[in-house]
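Presented below is the structure to which this report refers.
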Amino acid sequence: MLPEHAAQVLVIYRAGIEEGNATFETEVPAWEAFDAARLPGHRHVALGPDGAVLGWAAVSAVSSRPAYAGLVEHSVYVHPDARGQGVARLLLDALIASTEAAGIWTVQSAVFPENTASLALHARAGFRVIGTRERIARHHGIWRDTVLIERRSPAAGLD
């Protein structure tokens, strides 16, 4: 994910926000804030034959504490017109590969339970459900639950 992808990445993020089952966010941030919140080395875009961004995946640090350096939260977003074509799985696989290579031991996310496509995708990619966080936050004035999912590196805890 490079600055030249910024406008298209934010359009895809806006679509996820507007659909209402992808994030608690209600506004698209400026590129500078979006960019600063995602870790380098684990930011991927899928490009179509014409160079258009079909989707993106990225991670953010969960904590600044050194003990949690190998724990990240991730996001995967696909343009509505590119869904159902395997783009999300390709992005998730690239993200898993980059985090494994960097020694990250846990990739996690909180998914709205209504987002069944995301939950199924993550299950196929080796993520497990940790539990449901009931009424964790309000979204447009309505209390929402999230399903906490994680993928532990097969190498985690072996050293």
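We label chains A, B, ... in the order they appear in the structure tokens, count residues from 1 in each chain, and number ligands from 1 in the order shown.
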Between range 95-141 of chain A and range 61-65 of chain A, at 12 Å or less, what are the per-residue closest atom pairs and their distances in Å? Count only C-alpha atoms, order by chain and rising residue number, and return it as JSON lines.
{"residue": "A:Thr99", "atom": "CA", "partner": "A:Ala61", "partner_atom": "CA", "distance": 11.9}
{"residue": "A:Ile104", "atom": "CA", "partner": "A:Ala61", "partner_atom": "CA", "distance": 10.7}
{"residue": "A:Thr106", "atom": "CA", "partner": "A:Val62", "partner_atom": "CA", "distance": 10.4}
{"residue": "A:Val107", "atom": "CA", "partner": "A:Val62", "partner_atom": "CA", "distance": 9.7}
{"residue": "A:Gln108", "atom": "CA", "partner": "A:Val62", "partner_atom": "CA", "distance": 9.1}
{"residue": "A:Ser109", "atom": "CA", "partner": "A:Val62", "partner_atom": "CA", "distance": 10.1}
**Item:** Residue neighbourhood Pro29 in chain A, 12 Å, only C-alpha atoms, exclusion window fewer than 4 positions, as a ChimeraX atom specification
**Value:** /A:6-7,9-11,13-14,17,25,33-37
Problem - Which of range 25-139 of chain A DSSP labels alpha helix (DSSP H), written as a count of residues only - result: 30
inquiry  = Excluding Val147 in chain A and its own-chain neighbours fewer than 4 positions away, which residues fall within 10 Å of it when counting only C-alpha atoms? Please give them as a PyMOL selection string.
reply    = chain A and resi 109-115+119+129-134
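Across the model, the gap from CA of Ile149 in chain A to CA of Gly70 in chain A is 15.7 Å.
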message: Need to verify the contact set: Val78 in chain A, 12 Å, only C-alpha atoms, exclusion of same-chain residues closer than 4 positions in sequence. Can you return it as an MDAnalysis selection string?
response: chainID A and resid 8:17 22 44:48 52:57 82:92 117:118
Write a file of the just-selected residues containing N, CA, C and O atoms, as a short mmCIF file (atom, residue, chain, number, x, y, z; two decimals), in the first residue's frame.
data_model
loop_
_atom_site.label_atom_id
_atom_site.label_comp_id
_atom_site.auth_asym_id
_atom_site.auth_seq_id
_atom_site.Cartn_x
_atom_site.Cartn_y
_atom_site.Cartn_z
N GLN A 8 -7.96 5.52 -3.59
CA GLN A 8 -8.77 4.33 -3.82
C GLN A 8 -8.95 3.52 -2.54
O GLN A 8 -10.03 2.96 -2.30
N VAL A 9 -7.91 3.44 -1.72
CA VAL A 9 -8.02 2.74 -0.44
C VAL A 9 -9.10 3.40 0.42
O VAL A 9 -9.94 2.71 1.01
N LEU A 10 -9.10 4.71 0.47
CA LEU A 10 -10.09 5.43 1.29
C LEU A 10 -11.50 5.31 0.72
O LEU A 10 -12.47 5.28 1.49
N VAL A 11 -11.64 5.21 -0.59
CA VAL A 11 -12.97 4.97 -1.19
C VAL A 11 -13.50 3.61 -0.73
O VAL A 11 -14.68 3.47 -0.37
N ILE A 12 -12.64 2.61 -0.74
CA ILE A 12 -13.05 1.28 -0.29
C ILE A 12 -13.38 1.29 1.20
O ILE A 12 -14.38 0.69 1.63
N TYR A 13 -12.60 2.00 1.98
CA TYR A 13 -12.87 2.12 3.41
C TYR A 13 -14.22 2.81 3.62
O TYR A 13 -15.04 2.37 4.45
N ARG A 14 -14.49 3.87 2.86
CA ARG A 14 -15.77 4.58 2.96
C ARG A 14 -16.94 3.63 2.68
O ARG A 14 -17.94 3.65 3.38
N ALA A 15 -16.80 2.78 1.68
CA ALA A 15 -17.86 1.82 1.36
C ALA A 15 -18.13 0.91 2.55
O ALA A 15 -19.29 0.64 2.89
N GLY A 16 -17.07 0.44 3.20
CA GLY A 16 -17.23 -0.40 4.38
C GLY A 16 -17.91 0.33 5.52
O GLY A 16 -18.79 -0.21 6.20
N ILE A 17 -17.54 1.58 5.72
CA ILE A 17 -18.16 2.40 6.76
C ILE A 17 -19.64 2.58 6.46
O ILE A 17 -20.50 2.40 7.34
N ALA A 22 -18.82 -3.18 9.06
CA ALA A 22 -17.38 -3.42 8.93
C ALA A 22 -16.56 -2.78 10.03
O ALA A 22 -15.49 -3.26 10.37
N HIS A 44 -1.14 -4.19 2.46
CA HIS A 44 -1.21 -4.81 1.14
C HIS A 44 -2.40 -4.29 0.35
O HIS A 44 -3.44 -3.99 0.94
N VAL A 45 -2.23 -4.19 -0.94
CA VAL A 45 -3.35 -3.89 -1.83
C VAL A 45 -3.40 -4.98 -2.90
O VAL A 45 -2.39 -5.55 -3.28
N ALA A 46 -4.62 -5.25 -3.35
CA ALA A 46 -4.83 -6.12 -4.51
C ALA A 46 -5.19 -5.21 -5.66
O ALA A 46 -6.10 -4.38 -5.53
N LEU A 47 -4.47 -5.36 -6.76
CA LEU A 47 -4.70 -4.52 -7.92
C LEU A 47 -5.31 -5.32 -9.06
O LEU A 47 -4.92 -6.47 -9.30
N GLY A 48 -6.27 -4.71 -9.75
CA GLY A 48 -6.86 -5.31 -10.93
C GLY A 48 -5.93 -5.15 -12.12
O GLY A 48 -4.90 -4.48 -12.04
N ALA A 52 -6.33 -0.69 -10.84
CA ALA A 52 -7.26 -0.20 -9.82
C ALA A 52 -7.15 -1.05 -8.55
O ALA A 52 -6.93 -2.26 -8.61
N VAL A 53 -7.29 -0.41 -7.41
CA VAL A 53 -7.24 -1.11 -6.13
C VAL A 53 -8.57 -1.85 -5.94
O VAL A 53 -9.63 -1.25 -5.93
N LEU A 54 -8.47 -3.17 -5.79
CA LEU A 54 -9.64 -4.00 -5.57
C LEU A 54 -9.92 -4.19 -4.09
O LEU A 54 -11.05 -4.48 -3.70
N GLY A 55 -8.87 -4.07 -3.27
CA GLY A 55 -9.02 -4.24 -1.84
C GLY A 55 -7.71 -3.98 -1.14
O GLY A 55 -6.68 -3.80 -1.78
N TRP A 56 -7.78 -3.95 0.18
CA TRP A 56 -6.58 -3.71 0.98
C TRP A 56 -6.66 -4.45 2.30
O TRP A 56 -7.75 -4.80 2.77
N ALA A 57 -5.50 -4.68 2.88
CA ALA A 57 -5.38 -5.28 4.21
C ALA A 57 -4.22 -4.60 4.91
O ALA A 57 -3.23 -4.23 4.29
N ALA A 82 -15.68 -5.99 -6.37
CA ALA A 82 -14.67 -7.05 -6.47
C ALA A 82 -14.93 -8.20 -5.49
O ALA A 82 -14.14 -9.14 -5.43
N ARG A 83 -16.02 -8.14 -4.77
CA ARG A 83 -16.32 -9.20 -3.79
C ARG A 83 -16.71 -10.49 -4.49
O ARG A 83 -17.22 -10.48 -5.59
N GLY A 84 -16.42 -11.60 -3.80
CA GLY A 84 -16.76 -12.91 -4.33
C GLY A 84 -15.79 -13.44 -5.36
O GLY A 84 -16.06 -14.44 -6.01
N GLN A 85 -14.64 -12.77 -5.50
CA GLN A 85 -13.64 -13.15 -6.50
C GLN A 85 -12.35 -13.68 -5.87
O GLN A 85 -11.36 -13.86 -6.55
N GLY A 86 -12.34 -13.85 -4.55
CA GLY A 86 -11.15 -14.35 -3.87
C GLY A 86 -10.16 -13.28 -3.46
O GLY A 86 -9.08 -13.60 -2.97
N VAL A 87 -10.52 -12.02 -3.65
CA VAL A 87 -9.60 -10.92 -3.33
C VAL A 87 -9.30 -10.89 -1.83
O VAL A 87 -8.15 -10.75 -1.42
N ALA A 88 -10.33 -11.03 -1.02
CA ALA A 88 -10.13 -10.97 0.44
C ALA A 88 -9.19 -12.07 0.91
O ALA A 88 -8.32 -11.85 1.75
N ARG A 89 -9.34 -13.26 0.37
CA ARG A 89 -8.48 -14.38 0.78
C ARG A 89 -7.03 -14.14 0.36
O ARG A 89 -6.10 -14.41 1.12
N LEU A 90 -6.84 -13.61 -0.85
CA LEU A 90 -5.47 -13.29 -1.29
C LEU A 90 -4.83 -12.26 -0.37
O LEU A 90 -3.67 -12.38 0.01
N LEU A 91 -5.60 -11.24 -0.01
CA LEU A 91 -5.08 -10.21 0.89
C LEU A 91 -4.78 -10.77 2.27
O LEU A 91 -3.74 -10.47 2.86
N LEU A 92 -5.68 -11.59 2.79
CA LEU A 92 -5.47 -12.18 4.10
C LEU A 92 -4.26 -13.11 4.09
O LEU A 92 -3.45 -13.10 5.03
N ALA A 117 -19.82 -13.13 6.13
CA ALA A 117 -18.82 -13.40 5.09
C ALA A 117 -17.41 -13.26 5.66
O ALA A 117 -16.53 -14.09 5.39
N SER A 118 -17.18 -12.23 6.47
CA SER A 118 -15.87 -12.04 7.07
C SER A 118 -15.54 -13.15 8.06
O SER A 118 -14.43 -13.67 8.08
#
Tell me, which residues of range 7-128 of chain A carry DSSP strand (DSSP E), written as a VMD selection string?
chain A and resid 43 to 47 53 to 61 71 to 78 106 to 111 128
Students should find that CA of Ala155 in chain A and CA of Ala125 in chain A are spaced 16.2 Å
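Shortest separation to Asn21 in chain A among A:Leu158, A:Ser153, A:Asp145, A:Tyr68 occurs at residue A:Asp145, atoms counted being only C-alpha atoms.
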Taken to one decimal, the CA of Gly41 in chain A-CA of Ala102 in chain A distance is 8.6 Å
TODO: Find, counting only C-alpha atoms, the residue in A:His42, A:Ser60, A:Met1, A:Glu27 that gets nearest to Ala97 in chain A.
DONE: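 Going through A:His42, A:Ser60, A:Met1, A:Glu27 one by one, the smallest distance to Ala97 in chain A is for A:His42.
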Discussion item. Let me make sure I understand: among A:Ala30, A:Ala120, A:Val59, A:Ile136, which one has the smallest atom-to-atom distance to Leu95 in chain A if we use only C-alpha atoms?
Written reply: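 Of A:Ala30, A:Ala120, A:Val59, A:Ile136, the one nearest Leu95 in chain A, counting only C-alpha atoms, is A:Val59.
Counting only C-alpha atoms and comparing A:His79, A:Phe127, A:Leu2, A:Ile96, the residue that lies closest to Glu32 in chain A is A:Leu2.
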From A:Pro40, A:Gly141, A:Gly51, A:Gly126, residue lying nearest Ser98 in chain A [only C-alpha atoms]: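 Among the listed residues, A:Pro40 lies closest to Ser98 in chain A.
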